[in-house]
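K.L.:
Attaching a single structure in structure tokens format; questions to follow.
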Amino acid sequence: SEASDDQKFSLSEVLDPFKLCLSENKEVYLEHYVAGWRGLVKFLNSLGSVFGFISKDAANKVHILVNYLNGENASQYVTVQSMVKYELENELVDLTKRGSHPESGCRTLLRLHRALRWLELFLERLRTGSEDSKTSAMCAESYNESLAQHHPWVVRKAAGMAFCVLPGRPAFLEVMNVGPPEQVVAMLGEALPLISEVYQITEDLYAQRNLLDLP
Ligand code: 1Q0
């Protein structure tokens with residue numbers, strides 16, 4: 001039915017937005033960044049309720065950013081660069097400790113940005129892995145190398161338990177609805193450099209502005 005087609009995830013829902021993310025002068029469009037994340041949340045939901053605590057947090061952050069995109073200052077939120085400039089100039093960011101701006105665009109995007117590094121590492125392992133490689137191990141390794149460093153013990157523990165129920169690589173590739181594994185691998189190979197570039201540009205911007213540890 002139409003409704004179920006609508007629910008069905010397809011890898012392009014994530015990869016296409018990330019492909020559209022960069023402007024000519026290498027700024028990151030917030031609209032497409034957020035759209036990529038919407039796709040990821042949808043994918044996560046299709047993996048089952050064990051991932052609910054992860055997808056809820058991601059969805060909540062997406063929601064915060066969407067409100068800025070559609071809000072009265074929408075014109076300041078066209079790119080990550082313009083958002084950072086606007087929020088900093090107008091003192092809309094809690095820089096050292098949580099205060100009156102607990103949901104700034106800058107700190108909210110930083111959480112997704114850190115998770116994007118996890119995604120990059122994970123998708124690279126998925127792409128180059130063999131048929132019998134364990135997605136749970138790939139996921140855990142990528143997590144430990146990236147996001148885990150920003151999470152307290154309880155969250156790391158819960159994430160570790162969720163990873164255990166991930167399907168094997170063949171089933172995982174199938175849920176992406178692209179076609180045979182070779183085709184998924186090709187698509188990932190095409191998209192990963194773009195995700196990686198979006199990540200790096202954001203990382204450099206945040207580093208320059210000293211925003212990598214926002215509370
Ligand atoms: C496939 C399995 C997915 C595993 C995702 C790994 C990440 C685990 C993270 C668990 C933490 C979530 C609980 C909340 C933590 C927050 O405290 C934390 C900080 O925020 P705050 O406001 O408290 O300061 N939030 C975060 O760090 C954001 C975490 C977002 C994680 C989003 C993961 C998105 C994953 C999508 C599935 C992708 C599957 C790959 C294939 C997709 C096709 C391209």
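If you're wondering about the labels, chains in the structure tokens are A, B, ... by order shown, residues count from 1 in each chain, ligands from 1 in order shown.
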6 Å from ligand 1 is the threshold here; counting only C-alpha atoms and all ligand atoms, which polymer residues fall inside it? Answer as a PyMOL selection string.
P.N.:
chain A and resi 11+14+40-41+43-44+53-54+57-58+111-112+115+155+159
K.L.:
Give the strand (DSSP E or B) residues of chain A, as DSSP finds them on the backbone, and put them as a ChimeraX atom specification.
P.N.:
/A:22,28-29,79
K.L.:
Write the residues of the selection above to a file with N, CA, C and O atoms, as a compact mmCIF listing (two decimals), in the first residue's frame.
P.N.:
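That gives us again-v1.txt:
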# COMPACT_ATOMS: atom_id res chain seq x y z
N LEU A 22 26.39 20.55 0.73
CA LEU A 22 27.42 21.58 0.58
C LEU A 22 27.07 22.60 -0.50
O LEU A 22 26.70 22.24 -1.62
N VAL A 28 27.62 24.46 4.83
CA VAL A 28 26.73 23.31 5.04
C VAL A 28 25.28 23.78 5.20
O VAL A 28 24.97 24.51 6.14
N TYR A 29 24.43 23.39 4.26
CA TYR A 29 23.02 23.75 4.36
C TYR A 29 22.35 22.99 5.50
O TYR A 29 22.33 21.75 5.50
N THR A 79 22.65 28.17 6.70
CA THR A 79 23.81 27.27 6.75
C THR A 79 24.31 27.15 8.18
O THR A 79 24.00 27.99 9.03
K.L.:
Name the closest residue to Lys61 in chain A among the candidates A:Lys42, A:Lys157, A:Arg117, A:Arg107; distances are taken between atoms, counting only C-alpha atoms.
P.N.:
A:Arg107
K.L.:
Please identify every residue of range 119-206 of chain A that has at least one atom no farther than 12 Å from an atom of range 80-84 of chain A, counting only C-alpha atoms, and for each give the shortest atom pair and the distance in Å to one decimal, arranged by chain then increasing number, as CSV.
P.N.:
residue,atom,partner,partner_atom,distance
A:Val198,CA,A:Val80,CA,10.5
A:Tyr199,CA,A:Val80,CA,11.5
A:Ile201,CA,A:Gln81,CA,9.7
A:Thr202,CA,A:Val80,CA,7.6
A:Glu203,CA,A:Val80,CA,11.0
A:Asp204,CA,A:Gln81,CA,10.9
A:Leu205,CA,A:Gln81,CA,7.5
A:Tyr206,CA,A:Val84,CA,8.5
K.L.:
Write the residues of the selection above to a file with N, CA, C and O atoms, as a PDB file, in the first residue's frame.
P.N.:
ATOM      1  N   VAL A 198      31.379  16.837   4.703  1.00  0.00           N
ATOM      2  CA  VAL A 198      30.450  17.613   5.533  1.00  0.00           C
ATOM      3  C   VAL A 198      30.927  17.579   6.988  1.00  0.00           C
ATOM      4  O   VAL A 198      30.950  18.605   7.672  1.00  0.00           O
ATOM      5  N   TYR A 199      31.311  16.390   7.428  1.00  0.00           N
ATOM      6  CA  TYR A 199      31.814  16.262   8.805  1.00  0.00           C
ATOM      7  C   TYR A 199      33.031  17.159   9.021  1.00  0.00           C
ATOM      8  O   TYR A 199      33.109  17.906   9.992  1.00  0.00           O
ATOM      9  N   ILE A 201      34.207  19.784   7.398  1.00  0.00           N
ATOM     10  CA  ILE A 201      33.955  21.225   7.319  1.00  0.00           C
ATOM     11  C   ILE A 201      33.327  21.726   8.621  1.00  0.00           C
ATOM     12  O   ILE A 201      33.719  22.765   9.174  1.00  0.00           O
ATOM     13  N   THR A 202      32.371  20.968   9.136  1.00  0.00           N
ATOM     14  CA  THR A 202      31.735  21.332  10.402  1.00  0.00           C
ATOM     15  C   THR A 202      32.750  21.281  11.547  1.00  0.00           C
ATOM     16  O   THR A 202      32.806  22.181  12.393  1.00  0.00           O
ATOM     17  N   GLU A 203      33.554  20.228  11.546  1.00  0.00           N
ATOM     18  CA  GLU A 203      34.569  20.056  12.582  1.00  0.00           C
ATOM     19  C   GLU A 203      35.549  21.246  12.581  1.00  0.00           C
ATOM     20  O   GLU A 203      35.853  21.813  13.628  1.00  0.00           O
ATOM     21  N   ASP A 204      36.010  21.639  11.417  1.00  0.00           N
ATOM     22  CA  ASP A 204      36.949  22.760  11.314  1.00  0.00           C
ATOM     23  C   ASP A 204      36.312  24.059  11.805  1.00  0.00           C
ATOM     24  O   ASP A 204      36.932  24.836  12.526  1.00  0.00           O
ATOM     25  N   LEU A 205      35.066  24.280  11.406  1.00  0.00           N
ATOM     26  CA  LEU A 205      34.354  25.477  11.838  1.00  0.00           C
ATOM     27  C   LEU A 205      34.226  25.520  13.364  1.00  0.00           C
ATOM     28  O   LEU A 205      34.521  26.532  14.005  1.00  0.00           O
ATOM     29  N   TYR A 206      33.791  24.406  13.941  1.00  0.00           N
ATOM     30  CA  TYR A 206      33.614  24.343  15.396  1.00  0.00           C
ATOM     31  C   TYR A 206      34.957  24.485  16.122  1.00  0.00           C
ATOM     32  O   TYR A 206      35.027  25.119  17.172  1.00  0.00           O
TER      33      TYR A 206
END
K.L.:
Leaving out range 94-103 of chain A and any residue of its chain fewer than 4 positions from it, which residues lie within 9 Å of it when counting only C-alpha atoms, given as a list in words?
P.N.:
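Close residues of range 94-103 of chain A: Lys61, Ile64, Arg107, Thr108, Leu211, Asp213, Leu214 and Pro215 of chain A.
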K.L.:
Deliver the residues from the most recent selection as a file, using C-alpha atoms, as a PDB file, in the first residue's frame.
P.N.:
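Resulting contents of out.pdb:
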ATOM      1  CA  LYS A  61      17.496  17.228  18.282  1.00  0.00           C
ATOM      2  CA  ILE A  64      14.920  21.589  17.749  1.00  0.00           C
ATOM      3  CA  ARG A 107      25.108  22.755  20.919  1.00  0.00           C
ATOM      4  CA  THR A 108      22.277  20.749  19.394  1.00  0.00           C
ATOM      5  CA  LEU A 211      32.854  25.200  20.109  1.00  0.00           C
ATOM      6  CA  ASP A 213      33.062  21.209  24.011  1.00  0.00           C
ATOM      7  CA  LEU A 214      29.766  23.080  24.267  1.00  0.00           C
ATOM      8  CA  PRO A 215      27.826  21.923  27.326  1.00  0.00           C
TER       9      PRO A 215
END
K.L.:
What lies within 6 Å of Pro17 in chain A using only C-alpha atoms, ignoring chain neighbours under 3 positions off, as a PDB file with N, CA, C and O atoms, in the first residue's frame?
P.N.:
ATOM      1  N   VAL A  14      18.856   9.007   3.088  1.00  0.00           N
ATOM      2  CA  VAL A  14      19.941   9.540   3.907  1.00  0.00           C
ATOM      3  C   VAL A  14      21.033  10.125   3.019  1.00  0.00           C
ATOM      4  O   VAL A  14      21.528  11.224   3.252  1.00  0.00           O
ATOM      5  N   LEU A  20      23.469  16.840  -0.983  1.00  0.00           N
ATOM      6  CA  LEU A  20      23.032  18.212  -1.272  1.00  0.00           C
ATOM      7  C   LEU A  20      23.521  19.221  -0.239  1.00  0.00           C
ATOM      8  O   LEU A  20      23.257  20.419  -0.353  1.00  0.00           O
ATOM      9  N   HIS A  32      19.363  20.476   4.505  1.00  0.00           N
ATOM     10  CA  HIS A  32      19.688  19.140   3.998  1.00  0.00           C
ATOM     11  C   HIS A  32      20.345  18.275   5.071  1.00  0.00           C
ATOM     12  O   HIS A  32      20.160  17.065   5.114  1.00  0.00           O
ATOM     13  N   ALA A  35      17.584  16.994   7.003  1.00  0.00           N
ATOM     14  CA  ALA A  35      16.851  15.989   6.223  1.00  0.00           C
ATOM     15  C   ALA A  35      17.593  14.650   6.251  1.00  0.00           C
ATOM     16  O   ALA A  35      16.972  13.586   6.371  1.00  0.00           O
ATOM     17  N   GLY A  36      18.909  14.687   6.162  1.00  0.00           N
ATOM     18  CA  GLY A  36      19.703  13.458   6.265  1.00  0.00           C
ATOM     19  C   GLY A  36      19.476  12.782   7.597  1.00  0.00           C
ATOM     20  O   GLY A  36      19.314  11.560   7.684  1.00  0.00           O
TER      21      GLY A  36
END
K.L.:
Using only C-alpha atoms, find each residue of range 44-139 of chain A with at least one atom at most 10 Å away from an atom of range 176-181 of chain A; report its shortest atom-to-atom pair and that distance in Å (one decimal), sort the rows by chain and rising residue number, and return the result as JSON lines.
P.N.:
{"residue": "A:Ser46", "atom": "CA", "partner": "A:Met176", "partner_atom": "CA", "distance": 9.9}
{"residue": "A:Arg127", "atom": "CA", "partner": "A:Pro181", "partner_atom": "CA", "distance": 9.3}
{"residue": "A:Glu131", "atom": "CA", "partner": "A:Pro181", "partner_atom": "CA", "distance": 9.2}
K.L.:
Could you please take those selected residues and save C-alpha atoms as a CSV table (one decimal), in the first residue's frame?
P.N.:
chain,number,residue,atom,x,y,z
A,46,SER,CA,12.8,0.4,11.3
A,127,ARG,CA,31.2,-1.1,3.1
A,131,GLU,CA,29.6,-11.1,4.4
K.L.:
Which residue out of A:Gly168, A:Glu87, A:Leu30, A:Gly39 has the minimum interatomic distance to Asp16 in chain A when only C-alpha atoms are used?
P.N.:
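Of A:Gly168, A:Glu87, A:Leu30, A:Gly39, the one nearest Asp16 in chain A is A:Gly39, counting only C-alpha atoms.
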K.L.:
Would you please work out which residue, of A:Glu174, A:Lys8, A:Leu65, A:Glu13, is nearest to Val34 in chain A when using only C-alpha atoms?
P.N.:
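The closest residue to Val34 in chain A is A:Leu65.
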K.L.:
For Glu31 in chain A, which of A:Ser10, A:Asn70, A:Thr128, A:Gln149 is the closest residue, counting only C-alpha atoms?
P.N.:
A:Asn70
K.L.:
Could you tell me how far CA of Leu116 in chain A sits from CA of His63 in chain A, in Å to one decimal place?
P.N.:
16.9 Å
